[in-house]
>>> print(open('upload-v9.txt').read())   # compact mmCIF, C-alpha atoms
# COMPACT_ATOMS: atom_id res chain seq x y z
CA MET E 6 175.33 86.67 -44.16
CA ARG E 7 171.91 87.14 -45.77
CA LYS E 8 169.76 84.35 -44.44
CA ALA E 9 166.18 83.88 -43.31
CA ILE E 10 165.20 81.64 -40.42
CA ALA E 11 161.69 80.44 -39.59
CA VAL E 12 160.81 79.39 -36.06
CA HIS E 13 158.04 76.82 -36.31
CA SER E 14 156.38 74.00 -34.40
CA TYR E 15 153.66 71.42 -34.83
CA LYS E 16 151.62 72.50 -31.84
CA GLY E 17 151.07 75.81 -30.10
CA GLY E 18 152.58 76.59 -26.71
CA THR E 19 156.07 75.33 -27.50
CA GLY E 20 157.60 78.77 -26.89
CA LYS E 21 158.16 79.66 -30.55
CA THR E 22 157.53 83.38 -30.18
CA SER E 23 159.76 83.61 -27.13
CA ILE E 24 162.54 81.72 -28.96
CA ALA E 25 162.17 83.88 -32.11
CA ALA E 26 162.09 87.20 -30.24
CA ASN E 27 164.93 86.40 -27.86
CA LEU E 28 167.04 84.98 -30.67
CA ALA E 29 166.58 88.24 -32.58
CA ALA E 30 167.48 90.17 -29.41
CA LEU E 31 170.64 88.09 -28.86
CA MET E 32 171.75 88.67 -32.44
CA ALA E 33 171.21 92.43 -32.12
CA ILE E 34 173.15 92.46 -28.84
CA GLU E 35 176.03 90.78 -30.71
CA GLY E 36 175.98 93.63 -33.25
CA VAL E 37 174.16 91.74 -35.99
CA ASN E 38 171.46 93.55 -38.02
CA VAL E 39 168.37 91.43 -37.61
CA CYS E 40 164.73 91.69 -38.62
CA LEU E 41 162.00 89.84 -36.74
CA LEU E 42 158.74 89.38 -38.68
CA ASP E 43 155.51 88.27 -37.04
CA TYR E 44 153.87 85.81 -39.44
CA ASP E 45 151.66 84.35 -36.75
CA PHE E 46 148.49 86.03 -37.97
CA ARG E 47 146.27 83.82 -35.85
CA ALA E 48 147.86 84.86 -32.57
CA PRO E 49 150.12 87.89 -33.07
CA SER E 50 152.13 88.70 -29.97
CA ILE E 51 155.25 90.63 -31.01
CA GLN E 52 153.65 94.02 -30.21
CA VAL E 53 152.94 92.88 -26.65
CA LEU E 54 156.34 91.27 -26.17
CA PHE E 55 158.29 94.33 -27.34
CA LYS E 56 155.75 96.75 -25.80
CA VAL E 57 155.29 98.67 -29.03
CA ARG E 58 152.31 99.92 -30.96
CA ALA E 59 152.78 99.63 -34.72
CA GLN E 60 151.05 102.15 -36.98
CA LYS E 61 151.47 99.86 -39.97
CA THR E 62 151.55 96.09 -39.82
CA ILE E 63 152.61 93.13 -41.95
CA ASN E 64 148.93 92.73 -42.81
CA ASP E 65 149.12 96.18 -44.54
CA PHE E 66 152.24 95.06 -46.40
CA LEU E 67 150.64 91.82 -47.60
CA GLU E 68 147.50 93.72 -48.61
CA GLU E 69 149.78 95.90 -50.79
CA ARG E 70 148.94 99.05 -48.83
CA CYS E 71 152.61 99.77 -48.03
CA SER E 72 156.11 98.33 -48.39
CA LEU E 73 157.68 96.02 -45.80
CA THR E 74 160.19 98.70 -44.77
CA ASP E 75 157.24 101.01 -43.89
CA VAL E 76 156.10 98.42 -41.36
CA LEU E 77 159.38 97.97 -39.53
CA LEU E 78 160.19 99.53 -36.18
CA ASP E 79 163.88 99.94 -35.32
CA LEU E 80 164.15 99.03 -31.65
CA SER E 81 167.94 99.04 -31.36
CA ASP E 82 167.96 102.36 -29.44
CA LYS E 83 165.20 101.24 -27.13
CA TYR E 84 167.21 98.18 -26.11
CA GLN E 85 170.66 99.73 -26.66
CA ALA E 86 171.62 96.90 -28.99
CA ASP E 87 174.75 97.24 -31.11
CA GLY E 88 173.09 95.83 -34.21
CA HIS E 89 169.84 97.02 -35.74
CA LEU E 90 166.81 95.23 -34.38
CA TYR E 91 163.94 95.72 -36.83
CA VAL E 92 160.57 94.37 -35.86
CA GLY E 93 157.56 93.88 -38.15
CA CYS E 94 154.33 93.31 -36.24
CA ALA E 95 151.13 91.57 -37.30
CA SER E 96 147.81 93.24 -36.60
CA SER E 97 145.96 91.89 -33.59
CA THR E 98 142.60 93.59 -34.18
CA THR E 99 139.60 91.28 -34.38
CA GLU E 100 138.87 92.66 -37.85
CA SER E 101 142.37 91.70 -39.07
CA LEU E 102 142.23 88.24 -37.50
CA ARG E 103 138.85 87.65 -39.18
CA ASP E 104 140.09 89.11 -42.45
CA MET E 105 143.13 86.79 -42.55
CA MET E 106 140.86 83.76 -42.14
CA THR E 107 139.02 84.54 -45.38
CA LYS E 108 142.01 84.79 -47.73
CA ASP E 109 141.92 82.60 -50.82
CA ARG E 110 144.74 80.72 -52.56
CA ARG E 111 145.37 83.50 -55.04
CA TRP E 112 145.87 86.00 -52.22
CA GLU E 113 148.21 83.58 -50.44
CA MET E 114 150.21 83.20 -53.65
CA ARG E 115 150.63 86.98 -53.87
CA ALA E 116 151.59 87.02 -50.18
CA LEU E 117 154.33 84.46 -50.88
CA HIS E 118 155.62 86.47 -53.82
CA ARG E 119 155.58 89.73 -51.82
CA THR E 120 157.40 88.09 -48.92
CA LEU E 121 160.05 86.52 -51.14
CA SER E 122 160.77 89.73 -53.04
CA ALA E 123 160.70 91.97 -49.94
CA LYS E 124 163.49 89.88 -48.36
CA ASN E 125 166.00 91.24 -50.85
CA LYS E 126 164.96 94.80 -50.04
CA LEU E 127 165.66 94.17 -46.35
CA TYR E 128 169.11 92.80 -47.19
CA ASP E 129 169.98 95.50 -49.75
CA ASP E 130 168.33 98.65 -48.39
CA LEU E 131 168.57 98.11 -44.62
CA GLY E 132 171.68 95.93 -44.43
CA VAL E 133 169.75 93.20 -42.62
CA GLU E 134 171.86 90.07 -42.12
CA TYR E 135 169.25 87.74 -40.63
CA ILE E 136 165.49 87.67 -41.03
CA ILE E 137 163.59 85.70 -38.41
CA PHE E 138 159.98 84.65 -39.05
CA ASP E 139 157.75 83.86 -36.10
CA THR E 140 155.08 81.53 -37.50
CA SER E 141 151.70 80.02 -36.66
CA PRO E 142 151.95 76.46 -35.36
CA GLY E 143 151.06 73.55 -37.61
CA VAL E 144 150.20 73.76 -41.26
CA SER E 145 148.61 77.03 -42.31
CA TYR E 146 149.10 79.11 -45.43
CA SER E 147 150.89 81.90 -43.61
CA SER E 148 153.25 79.55 -41.81
CA ILE E 149 154.13 77.60 -44.97
CA ASN E 150 154.64 80.88 -46.83
CA ALA E 151 157.14 81.84 -44.13
CA LEU E 152 158.82 78.41 -44.27
CA ALA E 153 159.10 78.62 -48.07
CA SER E 154 160.68 82.08 -47.66
CA SER E 155 163.33 80.81 -45.21
CA ASP E 156 166.73 79.21 -45.62
CA PHE E 157 166.67 77.38 -42.30
CA ILE E 158 163.93 76.21 -39.95
CA ILE E 159 164.20 76.02 -36.19
CA LEU E 160 161.71 73.36 -35.25
CA VAL E 161 160.63 73.83 -31.63
CA SER E 162 159.10 70.88 -29.83
CA LYS E 163 158.18 69.96 -26.29
CA MET E 164 158.78 66.43 -24.99
CA ASP E 165 155.21 65.18 -25.26
CA GLU E 166 154.14 62.35 -27.53
CA PHE E 167 151.55 64.36 -29.49
CA ASP E 168 154.00 67.09 -30.26
CA MET E 169 156.80 64.69 -31.21
CA GLU E 170 154.60 62.55 -33.52
CA GLY E 171 153.20 65.60 -35.31
CA THR E 172 156.66 67.08 -35.51
CA LYS E 173 157.93 63.97 -37.34
CA GLU E 174 155.11 64.38 -39.86
CA LEU E 175 155.98 68.07 -40.37
CA VAL E 176 159.59 67.20 -41.09
CA HIS E 177 158.67 64.59 -43.66
CA GLY E 178 155.66 66.27 -45.27
CA ILE E 179 156.62 69.92 -45.35
CA TYR E 180 160.26 70.71 -44.59
CA ASP E 181 161.75 67.89 -46.68
CA THR E 182 159.36 68.65 -49.53
CA LEU E 183 160.33 72.31 -49.49
CA GLY E 184 163.98 71.27 -49.30
CA ARG E 185 164.60 73.39 -46.22
CA ARG E 186 167.37 72.55 -43.77
CA THR E 187 165.97 72.13 -40.29
CA GLY E 188 167.35 71.98 -36.78
CA LEU E 189 165.47 70.65 -33.76
CA LEU E 190 165.18 72.55 -30.49
CA LEU E 191 163.56 70.92 -27.48
CA ASN E 192 162.02 73.59 -25.29
CA LYS E 193 160.18 73.76 -21.97
CA ILE E 194 161.60 70.45 -20.76
CA PRO E 195 160.52 69.90 -17.13
CA MET E 196 163.49 70.37 -14.80
CA GLU E 197 163.10 66.84 -13.35
CA GLN E 198 163.41 65.39 -16.88
CA PHE E 199 166.27 67.68 -17.86
CA PRO E 200 169.34 65.50 -18.22
CA LEU E 201 172.84 66.65 -17.38
CA GLY E 202 176.28 65.55 -18.61
CA GLU E 203 176.30 62.19 -20.41
CA GLY E 204 172.54 61.84 -20.06
CA ARG E 205 172.01 65.02 -22.02
CA LYS E 206 174.33 63.86 -24.78
CA GLU E 207 172.48 60.54 -24.99
CA LEU E 208 169.12 62.33 -25.19
CA GLU E 209 170.41 64.61 -27.94
CA GLU E 210 171.72 61.67 -29.94
CA SER E 211 168.54 59.60 -29.62
CA ILE E 212 166.22 62.51 -30.50
CA SER E 213 168.44 63.47 -33.39
CA LYS E 214 168.24 59.89 -34.68
CA ILE E 215 164.42 59.75 -34.34
CA PHE E 216 163.91 62.93 -36.37
CA ASN E 217 166.98 62.55 -38.56
CA LEU E 218 167.68 66.22 -37.89
CA PRO E 219 170.61 68.11 -36.41
CA PHE E 220 170.05 68.96 -32.77
CA LEU E 221 170.15 72.60 -31.73
CA GLY E 222 169.70 72.21 -28.00
CA VAL E 223 167.51 71.48 -24.99
CA ILE E 224 166.06 74.33 -22.97
CA PRO E 225 164.42 73.54 -19.64
CA CYS E 226 161.12 74.95 -18.46
CA TYR E 227 161.89 77.87 -16.16
CA CYS E 228 159.12 78.68 -13.71
CA ASP E 229 160.10 82.37 -13.53
CA ILE E 230 159.77 82.71 -17.31
CA GLN E 231 156.37 81.00 -17.22
CA ALA E 232 155.28 83.30 -14.39
CA ASP E 233 156.46 86.32 -16.36
CA GLY E 234 153.96 85.30 -19.06
CA GLY E 235 155.72 86.99 -21.97
CA ARG E 236 155.82 90.40 -20.31
CA SER E 237 159.55 90.84 -20.75
CA LEU E 238 162.34 89.98 -23.13
CA ILE E 239 164.64 87.77 -21.10
CA ALA E 240 167.62 88.19 -23.46
CA PHE E 241 167.69 91.96 -22.83
CA GLU E 242 166.55 92.06 -19.24
CA GLN E 243 168.32 89.00 -17.83
CA PRO E 244 171.44 88.30 -19.91
CA LYS E 245 172.79 85.90 -17.27
CA HIS E 246 169.59 83.88 -17.01
CA PRO E 247 170.17 80.18 -17.96
CA PHE E 248 167.46 80.57 -20.63
CA THR E 249 169.47 83.37 -22.26
CA GLN E 250 172.69 81.36 -21.93
CA GLY E 251 171.05 78.24 -23.44
CA LEU E 252 169.61 80.25 -26.32
CA SER E 253 173.03 81.83 -26.96
CA GLU E 254 174.40 78.32 -27.56
CA VAL E 255 171.48 77.62 -29.91
CA MET E 256 172.24 80.85 -31.79
CA VAL E 257 175.85 79.80 -32.37
CA LYS E 258 174.70 76.40 -33.69
CA VAL E 259 172.14 78.03 -36.00
CA GLN E 260 174.76 80.44 -37.35
CA ASP E 261 177.12 77.48 -37.97
CA HIS E 262 174.41 75.69 -39.95
CA LEU E 263 173.68 78.83 -41.96
CA LYS E 264 177.35 79.27 -42.81
CA ARG E 265 177.36 75.77 -44.30
CA LEU E 266 174.31 76.37 -46.52
CA MET V 26 73.36 71.19 -92.86
CA PRO V 27 71.61 68.31 -91.13
CA GLU V 28 72.42 67.75 -87.44
CA SER V 29 74.22 64.47 -88.15
CA GLY V 30 76.46 66.31 -90.65
CA GLN V 31 77.35 68.99 -88.03
CA THR V 32 78.24 66.33 -85.49
CA ALA V 33 80.49 64.59 -88.00
CA LEU V 34 82.23 67.92 -88.78
CA VAL V 35 82.84 68.69 -85.06
CA LYS V 36 84.23 65.18 -84.60
CA LEU V 37 86.51 65.68 -87.61
CA LEU V 38 87.76 69.02 -86.27
CA GLU V 39 88.41 67.45 -82.86
CA GLU V 40 90.41 64.67 -84.51
CA LEU V 41 92.30 67.25 -86.55
CA ASN V 42 93.09 69.19 -83.36
CA GLU V 43 94.36 66.02 -81.64
CA ASN V 44 96.54 65.24 -84.65
CA ILE V 45 98.00 68.77 -84.70
CA LYS V 46 98.78 68.48 -80.94
CA SER V 47 100.46 65.13 -81.55
CA ILE V 48 102.53 66.54 -84.43
CA GLY V 49 103.52 69.53 -82.22
CA ALA V 50 104.68 67.19 -79.44
CA LYS V 51 106.70 65.14 -81.96
CA LEU V 52 108.28 68.31 -83.36
CA ASP V 53 109.25 69.41 -79.82
CA ARG V 54 110.83 65.99 -79.25
CA ILE V 55 112.74 66.21 -82.57
CA VAL V 56 114.03 69.74 -81.70
CA SER V 57 115.23 68.67 -78.23
CA LEU V 58 116.89 65.53 -79.67
CA GLN V 59 118.59 67.70 -82.29
CA GLU V 60 119.91 70.02 -79.54
CA ALA V 61 121.14 67.10 -77.48
CA LEU V 62 122.86 65.64 -80.55
CA ARG V 63 124.51 68.97 -81.41
CA GLU V 64 125.79 69.28 -77.82
CA ALA V 65 127.11 65.73 -77.85
CA LEU V 66 128.91 66.15 -81.17
CA ALA V 67 130.33 69.64 -80.41
CA PRO V 68 134.12 69.67 -79.91
CA ARG V 69 134.86 69.52 -76.17
CA GLU V 70 136.54 72.53 -74.60
CA LYS V 71 140.14 71.77 -73.68
CA THR V 72 140.52 71.14 -69.96
CA THR V 73 142.75 73.85 -68.57
CA PHE V 74 144.38 74.52 -65.23
CA GLU V 75 144.61 78.19 -66.09
CA GLY V 76 143.59 80.35 -63.20
CA LEU V 77 144.88 77.93 -60.57
CA PRO V 78 147.23 79.87 -58.36
CA LEU V 79 150.80 78.74 -57.80
CA ASP V 80 150.42 78.89 -54.04
CA VAL V 81 152.30 76.87 -51.44
CA ALA V 82 149.72 74.05 -51.56
CA THR V 83 150.38 73.70 -55.30
CA LEU V 84 154.13 74.07 -54.76
CA LEU V 85 154.11 71.21 -52.26
CA SER V 86 152.32 68.97 -54.77
CA LEU V 87 154.83 69.57 -57.59
CA PRO V 88 157.72 67.16 -58.27
CA ASP V 89 161.02 68.32 -56.76
CA HIS V 90 162.61 69.59 -59.98
CA LEU V 91 159.58 71.72 -60.91
CA ARG V 92 159.16 72.99 -57.33
CA LYS V 93 162.68 74.41 -57.32
CA THR V 94 162.01 76.28 -60.56
CA ALA V 95 158.58 77.47 -59.39
CA LEU V 96 160.00 78.72 -56.07
CA ALA V 97 162.70 80.67 -57.89
CA LEU V 98 160.08 82.22 -60.16
CA ALA V 99 157.83 82.97 -57.16
CA GLU V 100 160.71 85.01 -55.74
CA LEU V 101 161.60 86.82 -58.97
CA GLY V 102 158.00 87.32 -60.12
CA GLU V 103 159.08 87.51 -63.76
CA ALA V 104 162.24 86.03 -65.27
CA THR V 105 163.90 84.45 -68.28
CA ALA V 106 165.14 80.86 -68.19
CA THR V 107 168.69 82.25 -67.87
CA GLU V 108 167.75 84.28 -64.77
CA ILE V 109 166.07 81.25 -63.21
CA SER V 110 169.10 79.07 -63.96
CA LYS V 111 171.35 81.59 -62.15
CA LYS V 112 169.09 81.29 -59.10
CA THR V 113 168.79 77.50 -59.09
CA GLY V 114 172.32 76.71 -60.24
CA ARG V 115 171.01 74.38 -62.95
CA VAL V 116 171.62 74.68 -66.69
CA ARG V 117 169.51 77.07 -68.75
CA ALA V 118 168.16 74.37 -71.08
CA ALA V 119 166.83 72.37 -68.13
CA GLU V 120 165.19 75.45 -66.61
CA SER V 121 163.66 76.34 -69.96
CA ASP V 122 162.15 72.83 -70.14
CA TYR V 123 160.85 72.99 -66.54
CA LEU V 124 159.39 76.47 -67.08
CA ASN V 125 157.57 75.28 -70.19
CA GLN V 126 156.23 72.30 -68.25
CA LEU V 127 154.86 74.75 -65.67
CA VAL V 128 153.34 76.78 -68.53
CA ALA V 129 151.70 73.61 -69.93
CA LYS V 130 150.25 72.88 -66.50
CA GLY V 131 148.79 76.39 -66.45
CA TYR V 132 150.67 77.58 -63.35
CA VAL V 133 152.99 79.95 -65.18
CA LYS V 134 152.55 82.24 -68.19
CA LYS V 135 155.07 83.36 -70.76
CA LYS V 136 155.40 86.35 -73.05
CA ARG V 137 157.89 87.52 -75.62
CA ARG V 138 159.57 90.87 -75.11
CA GLY V 139 162.16 91.92 -77.67
CA HIS V 140 164.34 88.86 -78.21
CA GLY V 141 163.68 87.41 -74.80
CA VAL V 142 161.00 85.03 -73.50
CA TYR V 143 159.81 85.98 -70.05
CA PHE V 144 158.02 83.64 -67.67
CA TYR V 145 155.81 85.03 -64.94
CA ILE V 146 153.24 84.12 -62.36
CA GLU V 147 150.02 85.97 -62.90
CA ALA V 148 149.38 87.49 -59.50
CA HIS V 149 146.16 89.36 -60.23
>>> encode(input="upload-v9.txt", output="structure tokens")
Amino acid sequence: MRKAIAVHSYKGGTGKTSIAANLAALMAIEGVNVCLLDYDFRAPSIQVLFKVRAQKTINDFLEERCSLTDVLLDLSDKYQADGHLYVGCASSTTESLRDMMTKDRRWEMRALHRTLSAKNKLYDDLGVEYIIFDTSPGVSYSSINALASSDFIILVSKMDEFDMEGTKELVHGIYDTLGRRTGLLLNKIPMEQFPLGEGRKELEESISKIFNLPFLGVIPCYCDIQADGGRSLIAFEQPKHPFTQGLSEVMVKVQDHLKRL
Amino acid sequence: MPESGQTALVKLLEELNENIKSIGAKLDRIVSLQEALREALAPREKTTFEGLPLDVATLLSLPDHLRKTALALAELGEATATEISKKTGRVRAAESDYLNQLVAKGYVKKKRRGHGVYFYIEAH
């Protein structure tokens, strides 16, 4: 399997980065070679989440100062994963954040071309099976570049009206236009609203109908994860946690969709 | 020369000076009209999109069939219509037509190398 997945959402705070990072971790645990790329240049957080300090970043790669493989850190030994877990971090220095805000359309076009052509190098040279892009929320050049470079989009949404309305617009205006298959994942659902049994099935069906998208799952809001504040990777540190279990089910559904592409 | 004759001469010179000034102003007007006329009659430069980057904003604004071709070319960087058709799964003739439409719009360039025609996106 040589497929790229983008994890995206309309608004910030939906848990995109956590979903992307833990999904990559789960795949590596299963023995899959996976590469997680931080394309959220406005709020990079992969370095903090994986507790690593990257010498070279995706910003360097996009600025044509190095290749994408130079940027990647192989964290499979650190987490004792069976598959390779490559991570490409974005720079979080103020200078880089400011620099990324001033890029023009021509630069963004080169960034898209570099991203698209580097994917094949990851598949061919490193044996990567899945590439996962963590993206900026909403519509920004970097996030659309990542979406255009992906085969499948995991659209993460919370259950609030603003998020859902904007999400519908994203589906119609961007994903459909780019011709990308998309699956919907509801995340951070308050426990008291989290339906069980038949109720859950009904919710899945109605949401799926509203967005006209396949449903990937519903993940409740876990207070302990919120309290942890992104300091640990739940998939590695708490494999039996219901969040990890729920995301494992999502992973299987995503892989099924990718097989059918 | 009597005083009345001198006065008449000064008056004549003043009139002559006024006439020369008036002729000068008319000549200036004629020159500027001539320039305006030349500019108006000059063949207009062809409007071109050249230099517009084929970025995602442009990609999103393209019709579906051209977007698929453009995305394939964005990935390959440089390719023949045959190479694009292998990527998109559409026939070569269609891809050749779509690529030439993208060339006409100024988003893509083409060059001949040997017997092949290569399409590319100018990145720099």
>>> interface_residues(input="upload-v9.txt", of="chain E", to="chain V", cutoff="6 Å", atoms="all atoms listed in the file", output="tab-separated table (two decimals) with C-alpha atoms, in the coordinates of the input")
chain	number	residue	atom	x	y	z
E	111	ARG	CA	145.37	83.50	-55.04
E	114	MET	CA	150.21	83.20	-53.65
E	115	ARG	CA	150.63	86.98	-53.87
E	118	HIS	CA	155.62	86.47	-53.82
E	121	LEU	CA	160.05	86.52	-51.14
E	122	SER	CA	160.77	89.73	-53.04
>>> residues_around(input="upload-v9.txt", residues="Ala25 in chain E", least_positions_apart="4", cutoff="9 Å", atoms="only C-alpha atoms", output="PDB file with C-alpha atoms, in the coordinates of the input")
ATOM      1  CA  ALA E  11     161.690  80.440 -39.590  1.00  0.00           C
ATOM      2  CA  VAL E  12     160.810  79.390 -36.060  1.00  0.00           C
ATOM      3  CA  GLY E  20     157.600  78.770 -26.890  1.00  0.00           C
ATOM      4  CA  LYS E  21     158.160  79.660 -30.550  1.00  0.00           C
ATOM      5  CA  ALA E  29     166.580  88.240 -32.580  1.00  0.00           C
ATOM      6  CA  ALA E  30     167.480  90.170 -29.410  1.00  0.00           C
ATOM      7  CA  LEU E  41     162.000  89.840 -36.740  1.00  0.00           C
ATOM      8  CA  ILE E 137     163.590  85.700 -38.410  1.00  0.00           C
ATOM      9  CA  PHE E 138     159.980  84.650 -39.050  1.00  0.00           C
ATOM     10  CA  ASP E 139     157.750  83.860 -36.100  1.00  0.00           C
TER      11      ASP E 139
END
>>> residues_around(input="upload-v9.txt", residues="Pro142 in chain E", least_positions_apart="3", cutoff="12 Å", atoms="only C-alpha atoms", output="NGL selection string")
:E and (11-22 or 44-49 or 139 or 145-149 or 151-152 or 160-162 or 168 or 171-172 or 175)
>>> closest_residue(input="upload-v9.txt", among="E:Arg236, E:Arg185, E:Leu218, E:Met196", to="Lys173 in chain E", atoms="all atoms listed in the file")
E:Leu218
>>> atom_distance(input="upload-v9.txt", atom1="CA of Asp65 in chain E", atom2="CA of Ser81 in chain E")
23.2 Å
>>> residues_around(input="upload-v9.txt", residues="Arg265 in chain E", least_positions_apart="6", cutoff="12 Å", atoms="only C-alpha atoms", output="VMD selection string")
chain E and resid 6 8 156 to 157 186 258 to 259
>>> atom_distance(input="upload-v9.txt", atom1="CA of Val39 in chain E", atom2="CA of Thr140 in chain E")
16.6 Å
>>> residues_around(input="upload-v9.txt", residues="range 240-242 of chain E", least_positions_apart="5", cutoff="9 Å", atoms="only C-alpha atoms", output="PyMOL selection string")
chain E and resi 26-28+30-31+34+84+86+248-250+252
>>> closest_residue(input="upload-v9.txt", among="V:Val128, V:Val56, V:Ala95, V:Val35", to="Ser110 in chain V", atoms="all atoms listed in the file")
V:Ala95
>>> closest_residue(input="upload-v9.txt", among="E:His262, E:Ser96, E:Val144, E:Glu197", to="Lys61 in chain E", atoms="only C-alpha atoms")
E:Ser96
>>> atom_distance(input="upload-v9.txt", atom1="CA of Ser155 in chain E", atom2="CA of Val133 in chain E")
14.2 Å
